[in-house]
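The next block is my_file_3.tsv, given as TSV, C-alpha atoms.
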```
chain	number	residue	atom	x	y	z
A	111	MET	CA	0.00	0.00	0.00
A	112	GLN	CA	1.42	3.37	-1.05
A	113	ALA	CA	-0.98	5.63	0.86
A	114	GLU	CA	0.50	8.03	3.40
A	115	PRO	CA	-1.21	9.31	6.55
A	116	GLN	CA	-2.77	12.74	6.42
A	117	ALA	CA	-0.58	15.62	7.57
A	118	PHE	CA	-1.60	17.56	10.66
A	119	ASP	CA	-0.79	21.00	9.26
A	120	ARG	CA	-4.47	21.92	8.68
A	121	VAL	CA	-6.16	19.78	11.31
A	122	LEU	CA	-7.85	22.20	13.72
A	123	SER	CA	-10.84	20.41	15.23
A	124	SER	CA	-9.48	17.00	16.18
A	125	MET	CA	-8.85	16.07	19.81
A	126	CYS	CA	-6.10	13.70	18.72
A	127	THR	CA	-2.62	14.89	17.87
A	128	LYS	CA	0.79	13.80	16.65
A	129	PRO	CA	2.36	11.50	19.24
A	130	HIS	CA	5.51	12.65	20.95
A	131	PRO	CA	8.60	11.06	19.32
A	132	VAL	CA	9.35	8.95	22.41
A	133	ALA	CA	5.73	7.76	22.45
A	134	ARG	CA	5.91	6.79	18.78
A	135	GLU	CA	9.10	4.81	19.35
A	136	ALA	CA	7.67	3.00	22.38
A	137	ALA	CA	4.46	2.17	20.49
A	138	GLU	CA	6.43	0.54	17.70
A	139	ARG	CA	8.48	-1.57	20.14
A	140	PHE	CA	5.46	-2.88	22.05
A	141	LEU	CA	3.03	-3.15	19.13
A	142	ALA	CA	2.68	-6.96	19.28
A	143	THR	CA	2.41	-7.32	23.07
A	144	ASN	CA	-0.96	-7.96	24.70
A	145	PRO	CA	-1.74	-6.35	28.08
A	146	GLY	CA	-5.00	-8.29	28.00
A	147	ASP	CA	-2.95	-11.38	28.87
A	148	PRO	CA	-0.70	-10.11	31.68
A	149	GLY	CA	0.47	-13.59	32.62
A	150	SER	CA	2.04	-14.09	29.20
A	151	TYR	CA	3.22	-10.49	28.81
A	152	PRO	CA	4.43	-9.36	32.23
A	153	THR	CA	6.57	-6.49	30.92
A	154	ILE	CA	3.65	-4.64	29.35
A	155	SER	CA	1.52	-5.47	32.39
A	156	ALA	CA	4.09	-3.74	34.61
A	157	LEU	CA	4.11	-0.75	32.27
A	158	GLU	CA	0.31	-0.56	32.52
A	159	ASP	CA	0.62	-0.40	36.31
A	160	GLU	CA	3.09	2.45	35.85
A	161	ALA	CA	0.75	4.24	33.46
A	162	ILE	CA	-2.14	4.02	35.91
A	163	ALA	CA	0.07	5.25	38.75
A	164	VAL	CA	1.03	8.38	36.81
A	165	LEU	CA	-2.53	8.97	35.58
A	166	GLY	CA	-3.65	8.71	39.19
A	167	GLU	CA	-1.06	11.29	40.21
A	168	ILE	CA	-2.27	13.63	37.47
A	169	ALA	CA	-5.89	13.15	38.57
A	170	GLY	CA	-5.34	13.49	42.34
A	171	LEU	CA	-5.81	9.81	43.17
A	172	GLU	CA	-3.70	8.61	46.10
A	173	GLU	CA	-4.01	4.86	45.45
A	174	SER	CA	-4.31	4.47	41.71
A	175	ALA	CA	-6.47	1.77	40.16
A	176	GLY	CA	-7.80	1.27	36.65
A	177	TYR	CA	-6.50	0.26	33.26
A	178	VAL	CA	-5.39	1.68	29.92
A	179	ALA	CA	-8.40	1.59	27.61
A	180	SER	CA	-8.82	2.32	23.93
A	181	GLY	CA	-10.10	5.81	24.67
A	182	GLY	CA	-12.75	7.89	26.36
A	183	THR	CA	-15.61	5.97	24.79
A	184	GLU	CA	-14.52	2.67	26.30
A	185	ALA	CA	-13.78	4.28	29.67
A	186	ASN	CA	-17.19	5.95	29.76
A	187	ILE	CA	-18.99	2.74	28.79
A	188	GLN	CA	-17.12	0.80	31.46
A	189	ALA	CA	-17.91	3.43	34.09
A	190	VAL	CA	-21.61	3.14	33.28
A	191	ARG	CA	-21.29	-0.63	33.46
A	192	ILE	CA	-19.76	-0.37	36.93
A	193	ALA	CA	-22.57	1.90	38.06
A	194	ARG	CA	-25.28	-0.31	36.58
A	195	ASP	CA	-23.97	-3.49	38.16
A	196	ARG	CA	-23.48	-1.81	41.51
A	197	ALA	CA	-26.97	-0.28	41.59
A	198	GLU	CA	-29.65	-1.95	43.68
A	199	THR	CA	-32.38	-1.47	41.11
A	200	SER	CA	-33.54	-3.22	37.96
A	201	GLN	CA	-34.14	0.12	36.22
A	202	PRO	CA	-31.00	2.21	36.73
A	203	ASN	CA	-30.59	5.63	35.18
A	204	VAL	CA	-27.63	7.88	34.46
A	205	VAL	CA	-27.94	11.67	34.65
A	206	MET	CA	-25.65	13.85	32.55
A	207	PRO	CA	-25.60	17.37	31.12
A	208	GLU	CA	-26.34	17.92	27.44
A	209	SER	CA	-22.64	18.70	27.00
A	210	GLY	CA	-21.79	15.06	27.75
A	211	HIS	CA	-20.02	13.00	25.12
A	212	PHE	CA	-22.04	10.90	22.68
A	213	SER	CA	-20.36	7.77	24.06
A	214	PHE	CA	-22.85	7.85	26.93
A	215	ARG	CA	-25.64	7.34	24.43
A	216	LYS	CA	-23.79	4.26	23.22
A	217	ALA	CA	-23.39	3.10	26.80
A	218	ALA	CA	-27.08	3.52	27.54
A	219	ASP	CA	-28.03	1.61	24.42
A	220	VAL	CA	-25.59	-1.26	24.93
A	221	LEU	CA	-26.17	-1.61	28.68
A	222	GLY	CA	-29.92	-1.03	28.80
A	223	VAL	CA	-29.65	2.00	31.08
A	224	GLU	CA	-31.93	5.02	30.98
A	225	LEU	CA	-30.00	8.17	30.07
A	226	ARG	CA	-31.43	11.38	31.48
A	227	ILE	CA	-29.97	14.45	29.75
A	228	VAL	CA	-30.32	17.79	31.53
A	229	PRO	CA	-29.64	21.33	30.30
A	230	THR	CA	-26.48	23.34	30.72
A	231	ASP	CA	-26.39	26.89	32.05
A	232	ASP	CA	-25.60	30.08	30.14
A	233	ASP	CA	-21.89	29.29	30.36
A	234	HIS	CA	-22.33	25.80	28.85
A	235	ARG	CA	-21.70	24.05	32.19
A	236	ALA	CA	-23.93	21.47	33.89
A	237	ASP	CA	-26.91	23.09	35.60
A	238	VAL	CA	-26.65	21.68	39.11
A	239	GLU	CA	-30.29	22.34	39.97
A	240	ALA	CA	-31.41	20.58	36.80
A	241	VAL	CA	-29.26	17.60	37.78
A	242	ARG	CA	-30.73	17.68	41.28
A	243	ALA	CA	-34.24	17.61	39.85
A	244	ALA	CA	-33.42	14.69	37.55
A	245	VAL	CA	-31.88	12.25	40.05
A	246	ASP	CA	-33.92	9.78	42.09
A	247	ASP	CA	-33.48	6.57	44.04
A	248	GLU	CA	-32.79	4.65	40.84
A	249	THR	CA	-29.98	6.93	39.67
A	250	ALA	CA	-26.82	4.85	39.40
A	251	MET	CA	-24.48	7.57	38.16
A	252	VAL	CA	-24.14	11.32	37.77
A	253	VAL	CA	-21.80	12.48	35.01
A	254	GLY	CA	-19.71	15.64	35.05
A	255	VAL	CA	-17.43	16.78	32.25
A	256	ALA	CA	-14.00	18.30	32.85
A	257	GLY	CA	-13.25	19.80	29.46
A	258	THR	CA	-16.33	19.55	27.25
A	259	THR	CA	-15.94	18.55	23.62
A	260	GLU	CA	-17.68	21.58	22.17
A	261	TYR	CA	-16.69	24.47	24.44
A	262	GLY	CA	-13.92	23.23	26.73
A	263	ARG	CA	-15.97	23.89	29.84
A	264	VAL	CA	-15.50	22.33	33.28
A	265	ASP	CA	-18.65	21.34	35.12
A	266	PRO	CA	-19.01	22.14	38.85
A	267	ILE	CA	-17.68	18.74	39.88
A	268	PRO	CA	-17.83	19.12	43.71
A	269	GLU	CA	-21.45	20.26	43.52
A	270	LEU	CA	-22.36	17.35	41.25
A	271	GLY	CA	-20.69	15.04	43.75
A	272	GLU	CA	-22.94	16.38	46.50
A	273	VAL	CA	-26.00	15.70	44.35
A	274	ALA	CA	-24.83	12.17	43.55
A	275	SER	CA	-24.27	11.43	47.24
A	276	THR	CA	-27.88	12.31	48.10
A	277	VAL	CA	-29.09	9.29	46.09
A	278	ASP	CA	-26.08	7.02	46.67
A	279	ALA	CA	-25.04	7.29	43.02
A	280	LEU	CA	-21.54	7.14	41.64
A	281	LEU	CA	-19.92	10.31	40.31
A	282	HIS	CA	-18.12	9.89	37.00
A	283	VAL	CA	-15.92	12.62	35.52
A	284	ASP	CA	-15.19	12.61	31.81
A	285	ALA	CA	-11.79	14.29	31.65
A	286	ALA	CA	-10.77	12.52	28.45
A	287	TRP	CA	-9.58	15.76	26.84
A	288	GLY	CA	-9.18	18.08	29.81
A	289	GLY	CA	-7.24	15.80	32.12
A	290	PHE	CA	-3.82	16.80	30.82
A	291	VAL	CA	-4.43	20.57	30.97
A	292	LEU	CA	-6.55	20.96	34.10
A	293	PRO	CA	-3.72	20.21	36.59
A	294	PHE	CA	-2.29	23.63	35.64
A	295	THR	CA	-5.51	25.56	36.27
A	296	ARG	CA	-7.54	26.54	39.33
A	297	TYR	CA	-10.49	24.29	38.48
A	298	GLU	CA	-11.75	21.68	40.93
A	299	TRP	CA	-12.16	18.61	38.80
A	300	ASN	CA	-10.39	15.54	40.17
A	301	PHE	CA	-10.39	12.86	42.88
A	302	SER	CA	-8.82	15.19	45.44
A	303	HIS	CA	-11.39	17.93	44.84
A	304	ALA	CA	-14.61	15.94	44.99
A	305	PRO	CA	-16.05	12.47	45.75
A	306	VAL	CA	-15.25	11.24	42.24
A	307	ASP	CA	-15.65	7.47	41.84
A	308	THR	CA	-14.58	6.92	38.24
A	309	MET	CA	-12.84	8.99	35.57
A	310	ALA	CA	-11.99	8.87	31.88
A	311	ILE	CA	-8.63	10.50	31.06
A	312	ASP	CA	-6.94	10.00	27.68
A	313	PRO	CA	-3.17	10.06	27.15
A	314	HIS	CA	-3.74	10.01	23.39
A	315	LYS	CA	-5.28	13.48	23.43
A	316	MET	CA	-3.36	16.26	25.19
A	317	GLY	CA	-1.07	13.61	26.65
A	318	GLN	CA	0.65	13.03	23.26
A	319	ALA	CA	0.55	9.23	23.42
A	320	ALA	CA	-0.10	7.18	20.30
A	321	VAL	CA	-3.70	6.32	19.43
A	322	PRO	CA	-5.35	4.37	21.01
A	323	ALA	CA	-4.47	5.09	24.63
A	324	GLY	CA	-7.29	6.05	26.97
A	325	GLY	CA	-7.56	5.66	30.68
A	326	LEU	CA	-10.19	4.45	33.14
A	327	LEU	CA	-9.42	5.38	36.74
A	328	VAL	CA	-11.40	4.25	39.79
A	329	ARG	CA	-11.17	5.49	43.35
A	330	SER	CA	-11.25	1.97	44.72
A	331	SER	CA	-10.00	-1.17	43.01
A	332	ALA	CA	-13.13	-2.88	44.37
A	333	LEU	CA	-15.11	-1.02	41.69
A	334	LEU	CA	-13.23	-2.99	39.05
A	335	ASP	CA	-14.71	-6.17	40.53
A	336	GLU	CA	-17.99	-5.17	38.85
A	337	LEU	CA	-16.21	-5.63	35.50
A	338	ALA	CA	-14.27	-8.82	36.21
A	339	VAL	CA	-14.88	-11.93	34.13
A	340	ASP	CA	-13.20	-15.33	34.39
A	341	THR	CA	-10.51	-16.09	31.80
A	342	PRO	CA	-9.74	-19.74	32.51
A	343	TYR	CA	-7.63	-20.42	29.41
A	344	LEU	CA	-5.19	-17.55	30.10
A	345	GLU	CA	-2.35	-17.49	32.59
A	346	SER	CA	-4.24	-14.77	34.46
A	347	THR	CA	-7.63	-16.06	35.63
A	348	SER	CA	-9.75	-12.89	35.30
A	349	GLN	CA	-9.79	-9.48	33.65
A	350	ALA	CA	-11.82	-6.29	33.89
A	351	THR	CA	-11.23	-4.74	30.48
A	352	LEU	CA	-13.80	-4.47	27.72
A	353	THR	CA	-11.64	-5.25	24.70
A	354	GLY	CA	-9.60	-8.12	26.15
A	355	THR	CA	-6.82	-8.52	23.61
A	356	ARG	CA	-5.31	-5.11	22.85
A	357	SER	CA	-1.99	-3.85	21.65
A	358	GLY	CA	0.62	-2.83	24.17
A	359	ALA	CA	1.46	0.12	21.91
A	360	GLY	CA	-0.97	2.42	23.69
A	361	VAL	CA	0.26	1.42	27.13
A	362	ALA	CA	3.94	1.81	26.29
A	363	SER	CA	3.48	5.08	24.44
A	364	ALA	CA	1.47	6.53	27.33
A	365	VAL	CA	4.22	5.68	29.80
A	366	ALA	CA	6.91	7.09	27.51
A	367	ALA	CA	5.03	10.34	26.91
A	368	MET	CA	4.22	10.88	30.57
A	369	ASP	CA	7.77	10.06	31.65
A	370	GLU	CA	9.00	12.67	29.19
A	371	LEU	CA	6.44	15.42	29.82
A	372	TRP	CA	4.85	15.17	33.28
A	373	PRO	CA	4.63	17.71	34.75
A	374	THR	CA	6.88	20.43	33.29
A	375	GLY	CA	6.41	19.60	29.62
A	376	TYR	CA	2.65	19.39	29.95
A	377	ARG	CA	2.56	22.71	31.79
A	378	ARG	CA	4.48	24.41	28.99
A	379	GLN	CA	2.26	22.73	26.43
A	380	TYR	CA	-0.89	23.93	28.19
A	381	GLU	CA	0.39	27.48	28.46
A	382	ARG	CA	1.28	27.59	24.77
A	383	ALA	CA	-2.08	26.09	23.77
A	384	GLN	CA	-4.01	28.52	25.95
A	385	HIS	CA	-2.07	31.49	24.57
A	386	ASN	CA	-2.87	30.28	21.06
A	387	ALA	CA	-6.57	29.93	21.89
A	388	ASP	CA	-6.67	33.41	23.43
A	389	TRP	CA	-4.88	34.85	20.39
A	390	LEU	CA	-7.31	33.22	17.97
A	391	ALA	CA	-10.34	34.30	20.00
A	392	GLU	CA	-9.14	37.91	19.96
A	393	ALA	CA	-8.40	37.76	16.23
A	394	LEU	CA	-11.90	36.49	15.48
A	395	GLU	CA	-13.55	39.03	17.78
A	396	LYS	CA	-11.67	41.85	16.02
A	397	ARG	CA	-13.23	40.64	12.77
A	398	GLY	CA	-16.72	40.93	14.21
A	399	TYR	CA	-17.42	37.29	15.08
A	400	GLU	CA	-19.07	36.27	18.32
A	401	VAL	CA	-16.69	34.02	20.25
A	402	VAL	CA	-17.27	31.81	23.27
A	403	GLU	CA	-14.55	32.69	25.79
A	404	PRO	CA	-11.87	29.98	25.67
A	405	THR	CA	-11.50	29.00	29.33
A	406	LEU	CA	-9.45	26.01	28.11
A	407	PRO	CA	-7.59	25.75	24.77
A	408	LEU	CA	-10.71	25.46	22.61
A	409	VAL	CA	-12.33	28.25	20.57
A	410	ALA	CA	-15.92	28.30	19.31
A	411	ALA	CA	-17.07	31.14	17.05
A	412	ASP	CA	-20.13	31.93	14.93
A	413	LEU	CA	-18.59	31.83	11.46
A	414	PRO	CA	-21.33	31.66	8.82
A	415	ARG	CA	-21.96	28.26	7.31
A	416	SER	CA	-20.84	29.51	3.88
A	417	THR	CA	-17.52	30.71	5.32
A	418	PHE	CA	-17.08	27.44	7.18
A	419	GLU	CA	-17.59	25.44	3.99
A	420	ALA	CA	-15.21	27.71	2.06
A	421	LEU	CA	-12.51	27.19	4.69
A	422	ARG	CA	-12.99	23.44	4.49
A	423	GLY	CA	-12.65	23.81	0.73
A	424	ARG	CA	-9.23	25.30	1.37
A	425	GLY	CA	-8.24	22.18	3.28
A	426	TRP	CA	-8.87	23.25	6.87
A	427	ARG	CA	-10.19	20.32	8.92
A	428	ILE	CA	-12.72	22.10	11.11
A	429	SER	CA	-16.05	21.07	12.62
A	430	ARG	CA	-19.23	22.58	14.07
A	431	THR	CA	-20.88	22.49	17.47
A	432	ALA	CA	-24.46	21.31	17.87
A	433	THR	CA	-25.53	24.98	17.79
A	434	ASP	CA	-23.50	25.59	14.62
A	435	GLU	CA	-20.42	27.44	15.82
A	436	THR	CA	-17.08	26.62	14.27
A	437	ARG	CA	-14.83	24.92	16.84
A	438	ILE	CA	-11.05	24.91	16.88
A	439	VAL	CA	-9.06	22.86	19.38
A	440	CYS	CA	-5.53	24.07	20.12
A	441	MET	CA	-3.89	20.67	20.33
A	442	PRO	CA	-0.10	20.27	20.68
A	443	HIS	CA	0.37	20.15	16.90
A	444	VAL	CA	-1.51	23.44	16.41
A	445	THR	CA	0.99	26.28	16.11
A	446	ARG	CA	0.55	30.05	16.00
A	447	LYS	CA	1.70	29.91	12.37
A	448	MET	CA	-1.13	27.48	11.56
A	449	LEU	CA	-3.66	29.73	13.23
A	450	ALA	CA	-2.29	32.80	11.46
A	451	GLY	CA	-2.68	30.94	8.17
A	452	PHE	CA	-6.26	30.08	9.06
A	453	VAL	CA	-7.06	33.72	9.87
A	454	ALA	CA	-5.35	34.86	6.66
A	455	ASP	CA	-7.56	32.53	4.64
A	456	LEU	CA	-10.57	33.84	6.54
A	457	ASP	CA	-9.56	37.41	5.62
A	458	ARG	CA	-9.22	36.47	1.95
A	459	LEU	CA	-12.70	34.99	1.98
A	460	GLU	CA	-14.09	38.12	3.62
A	461	VAL	CA	-12.50	40.32	0.96
A	462	ARG	CA	-13.95	38.18	-1.81
A	463	ALA	CA	-17.37	38.27	-0.18
A	464	SER	CA	-17.28	42.08	0.11
A	465	VAL	CA	-16.42	42.71	-3.57
A	466	PRO	CA	-19.61	43.68	-5.40
A	467	VAL	CA	-20.64	41.73	-8.45
A	468	VAL	CA	-20.89	43.98	-11.53
A	469	ALA	CA	-23.46	42.90	-14.05
A	470	ASP	CA	-22.53	42.82	-17.75
A	471	ASP	CA	-23.92	45.61	-19.90
```
What is this file in structure tokens?
Amino acid sequence: MQAEPQAFDRVLSSMCTKPHPVAREAAERFLATNPGDPGSYPTISALEDEAIAVLGEIAGLEESAGYVASGGTEANIQAVRIARDRAETSQPNVVMPESGHFSFRKAADVLGVELRIVPTDDDHRADVEAVRAAVDDETAMVVGVAGTTEYGRVDPIPELGEVASTVDALLHVDAAWGGFVLPFTRYEWNFSHAPVDTMAIDPHKMGQAAVPAGGLLVRSSALLDELAVDTPYLESTSQATLTGTRSGAGVASAVAAMDELWPTGYRRQYERAQHNADWLAEALEKRGYEVVEPTLPLVAADLPRSTFEALRGRGWRISRTATDETRIVCMPHVTRKMLAGFVADLDRLEVRASVPVVADD
């Protein structure tokens, strides 16, 4: 096959990025190992323990437990599965804000759980009172998002934890994207800030690991017992993962990236990404567009649909929010030069749009 992977030089809306060189090298070395069979592959199993230990440190978890998943979708599904199997009801429900990831819809469908979606407030964060009104004695889980996909917002996690505790529900935090930037902010989002039970946090996003490398963290290893199944033909006799066999590439690359970057490199990366987001937001505002304030390195602005399509025609890989804003995520591969090129193309389109059409005589 002669095809080459797409370059990242015009990718502006993806939450994946180019892996760090050390992560790429580690992924290649451990590609054929299987952390789903730790008895046969003890080296990658030990690296997974190391990965979970560092993820726990990042997320404020004193005694780390969990596993390296394929990504946020798997971690979210598994968290719902834990909550469902723990619940003392035959009709469990999960309550989440409308900003929650679409993977929870998959989880509800696959696991037969009712998903109750509540509104967000004017700042696109979970409305705590709406969550409070939606929970009941059959609520198995309350979901909060720490770095929403569309606006980069952080829900009021401690307050959601209080609501969850009133009905003995688990609190799950989806920090798949935000988990590697939030440690350098003042937000309260992790296990040390609130009674968080489970969390999704993805090294293959802002963590610069190779895809796929997600993370499922649990406050207590006992929660993983809800996921355990017997594996009598393997050297290890049970496992709690969803995929079973999986490549050790994600595990090894996550460890390599975190060893290289945590915490100083990630701090510098966050600061650069946030400066880029602030710069872009200001540039768009100066051109008359309405911009949602980028509280994390993600910009959403009300570019007209025609302009959006024209920019895509020029090769920019951009996407829209559910309410039709253009969204740009300042991932590690996104440079100021890239953003300046994007704005320059936007200016050219504006000039073309403002030139009057002269009819022929």
Quiz item: Which is closest to His211 in chain A among A:Ala243, A:Glu138, A:Ala310, A:Asp233, if we use only C-alpha atoms?
Solution: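 The shortest atom-to-atom distance to His211 in chain A comes from A:Ala310.
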Exercise. Return the single residue from A:Thr295, A:Gly325, A:Gly146, A:Val205 that is closest to Leu270 in chain A, with distances computed using all atoms listed in the file.
Key: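 With all atoms listed in the file as the atom set, the closest residue is A:Val205.
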Quiz item: Could you list as a ChimeraX atom specification every residue that has an atom within 9 Å of (-1.9, 14.5, 27.0), using the file's coordinates and counting only C-alpha atoms?
Solution: /A:287-291,311-319,364,367-368,371,376,442
Those same residues - C-alpha atoms - I'd like them written as a PDB file, in the coordinates of the input.
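again.pdb was written with the following content:
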```pdb
ATOM      1  CA  TRP A 287      -9.580  15.760  26.840  1.00  0.00           C
ATOM      2  CA  GLY A 288      -9.180  18.080  29.810  1.00  0.00           C
ATOM      3  CA  GLY A 289      -7.240  15.800  32.120  1.00  0.00           C
ATOM      4  CA  PHE A 290      -3.820  16.800  30.820  1.00  0.00           C
ATOM      5  CA  VAL A 291      -4.430  20.570  30.970  1.00  0.00           C
ATOM      6  CA  ILE A 311      -8.630  10.500  31.060  1.00  0.00           C
ATOM      7  CA  ASP A 312      -6.940  10.000  27.680  1.00  0.00           C
ATOM      8  CA  PRO A 313      -3.170  10.060  27.150  1.00  0.00           C
ATOM      9  CA  HIS A 314      -3.740  10.010  23.390  1.00  0.00           C
ATOM     10  CA  LYS A 315      -5.280  13.480  23.430  1.00  0.00           C
ATOM     11  CA  MET A 316      -3.360  16.260  25.190  1.00  0.00           C
ATOM     12  CA  GLY A 317      -1.070  13.610  26.650  1.00  0.00           C
ATOM     13  CA  GLN A 318       0.650  13.030  23.260  1.00  0.00           C
ATOM     14  CA  ALA A 319       0.550   9.230  23.420  1.00  0.00           C
ATOM     15  CA  ALA A 364       1.470   6.530  27.330  1.00  0.00           C
ATOM     16  CA  ALA A 367       5.030  10.340  26.910  1.00  0.00           C
ATOM     17  CA  MET A 368       4.220  10.880  30.570  1.00  0.00           C
ATOM     18  CA  LEU A 371       6.440  15.420  29.820  1.00  0.00           C
ATOM     19  CA  TYR A 376       2.650  19.390  29.950  1.00  0.00           C
ATOM     20  CA  PRO A 442      -0.100  20.270  20.680  1.00  0.00           C
TER      21      PRO A 442
END
```
Exercise. Would you list the residues near (-26.8, 8.6, 29.3), meaning any protein, DNA or RNA residue with an atom at most 10 Å from that point in file coordinates, counting all atoms listed in the file, as a list in words?
Key: Asn186, Ile187, Val190, Asn203, Val204, Val205, Met206, Pro207, Glu208, Gly210, His211, Phe212, Ser213, Phe214, Arg215, Lys216, Ala217, Ala218, Asp219, Val223, Glu224, Leu225, Arg226, Ile227, Met251, Val252 and Val253 of chain A
Quiz item: Using only C-alpha atoms, which of the listed residues (A:Thr276, A:Ser330, A:Gln384, A:Ser363) sits closest to Leu292 in chain A?
Solution: A:Gln384
Practice problem: Give me, please, the distance in Å between CA of Val241 in chain A and CA of Leu406 in chain A, quoted to one decimal. | Solution: 23.6 Å
Quiz prompt | Pick from A:Pro414, A:Gly451, A:Pro229, A:Gly358 nearest to Ser180 in chain A, counting only C-alpha atoms | solution =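 Once distances to Ser180 in chain A are computed over only C-alpha atoms, the minimum belongs to A:Gly358.
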Practice problem: Quick one: everything within 10 Å of Glu403 in chain A, counting only C-alpha atoms, minus sequence neighbours fewer than 2 positions away in the same chain. Send it as a list in words. | Solution: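 After dropping sequence-adjacent residues, the list is Asp233, Tyr261, Gly262, Arg263, Ala387, Asp388, Ala391, Glu392, Glu400, Val401, Thr405, Leu406, Pro407, Leu408, Val409, Ala410 and Ala411 of chain A.
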Quiz item: So how many Å separate CA of Glu167 in chain A and CA of Val328 in chain A, to one decimal?
Solution: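 A separation of 12.5 Å between them.
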Quiz item: Interatomic distance between CA of Asp412 in chain A and CA of Asp434 in chain A?
Solution: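 The value is 7.2 Å.
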Self-check item: Among listed residues A:Val283, A:Val121, A:Val321, A:Ala274, nearest Val361 in chain A (using all atoms listed in the file)
Solution: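 That would be A:Val321, the residue with the smallest distance to Val361 in chain A.
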Range 367-380 of chain A rebuilt with N, CA, C and O atoms, output as an mmCIF file, in the coordinates of the input:
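Contents of result.cif, freshly written:
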```cif
data_model
loop_
_atom_site.group_PDB
_atom_site.id
_atom_site.type_symbol
_atom_site.label_atom_id
_atom_site.label_comp_id
_atom_site.auth_asym_id
_atom_site.auth_seq_id
_atom_site.Cartn_x
_atom_site.Cartn_y
_atom_site.Cartn_z
ATOM 1 N N ALA A 367 5.394 8.930 26.994
ATOM 2 C CA ALA A 367 5.030 10.340 26.910
ATOM 3 C C ALA A 367 4.966 10.987 28.280
ATOM 4 O O ALA A 367 5.472 12.103 28.490
ATOM 5 N N MET A 368 4.349 10.298 29.234
ATOM 6 C CA MET A 368 4.220 10.880 30.570
ATOM 7 C C MET A 368 5.559 10.979 31.276
ATOM 8 O O MET A 368 5.822 11.964 31.987
ATOM 9 N N ASP A 369 6.428 9.987 31.078
ATOM 10 C CA ASP A 369 7.770 10.060 31.650
ATOM 11 C C ASP A 369 8.514 11.283 31.108
ATOM 12 O O ASP A 369 9.263 11.946 31.823
ATOM 13 N N GLU A 370 8.301 11.566 29.838
ATOM 14 C CA GLU A 370 9.000 12.670 29.190
ATOM 15 C C GLU A 370 8.418 14.039 29.563
ATOM 16 O O GLU A 370 9.163 15.014 29.699
ATOM 17 N N LEU A 371 7.106 14.117 29.758
ATOM 18 C CA LEU A 371 6.440 15.420 29.820
ATOM 19 C C LEU A 371 5.828 15.792 31.166
ATOM 20 O O LEU A 371 5.595 16.985 31.418
ATOM 21 N N TRP A 372 5.524 14.830 32.025
ATOM 22 C CA TRP A 372 4.850 15.170 33.280
ATOM 23 C C TRP A 372 5.877 15.553 34.348
ATOM 24 O O TRP A 372 6.828 14.822 34.580
ATOM 25 N N PRO A 373 5.673 16.727 35.021
ATOM 26 C CA PRO A 373 4.630 17.710 34.750
ATOM 27 C C PRO A 373 5.085 18.893 33.909
ATOM 28 O O PRO A 373 4.264 19.600 33.325
ATOM 29 N N THR A 374 6.399 19.165 33.868
ATOM 30 C CA THR A 374 6.880 20.430 33.290
ATOM 31 C C THR A 374 6.516 20.576 31.825
ATOM 32 O O THR A 374 6.058 21.641 31.385
ATOM 33 N N GLY A 375 6.714 19.512 31.045
ATOM 34 C CA GLY A 375 6.410 19.600 29.620
ATOM 35 C C GLY A 375 4.935 19.831 29.361
ATOM 36 O O GLY A 375 4.558 20.592 28.455
ATOM 37 N N TYR A 376 4.084 19.187 30.133
ATOM 38 C CA TYR A 376 2.650 19.390 29.950
ATOM 39 C C TYR A 376 2.235 20.804 30.370
ATOM 40 O O TYR A 376 1.327 21.397 29.766
ATOM 41 N N ARG A 377 2.872 21.334 31.396
ATOM 42 C CA ARG A 377 2.560 22.710 31.790
ATOM 43 C C ARG A 377 2.898 23.684 30.656
ATOM 44 O O ARG A 377 2.086 24.548 30.306
ATOM 45 N N ARG A 378 4.078 23.527 30.088
ATOM 46 C CA ARG A 378 4.480 24.410 28.990
ATOM 47 C C ARG A 378 3.541 24.246 27.802
ATOM 48 O O ARG A 378 3.175 25.214 27.139
ATOM 49 N N GLN A 379 3.166 22.995 27.530
ATOM 50 C CA GLN A 379 2.260 22.730 26.430
ATOM 51 C C GLN A 379 0.911 23.397 26.652
ATOM 52 O O GLN A 379 0.339 24.017 25.741
ATOM 53 N N TYR A 380 0.380 23.292 27.873
ATOM 54 C CA TYR A 380 -0.890 23.930 28.190
ATOM 55 C C TYR A 380 -0.800 25.441 28.022
ATOM 56 O O TYR A 380 -1.694 26.071 27.425
#
```
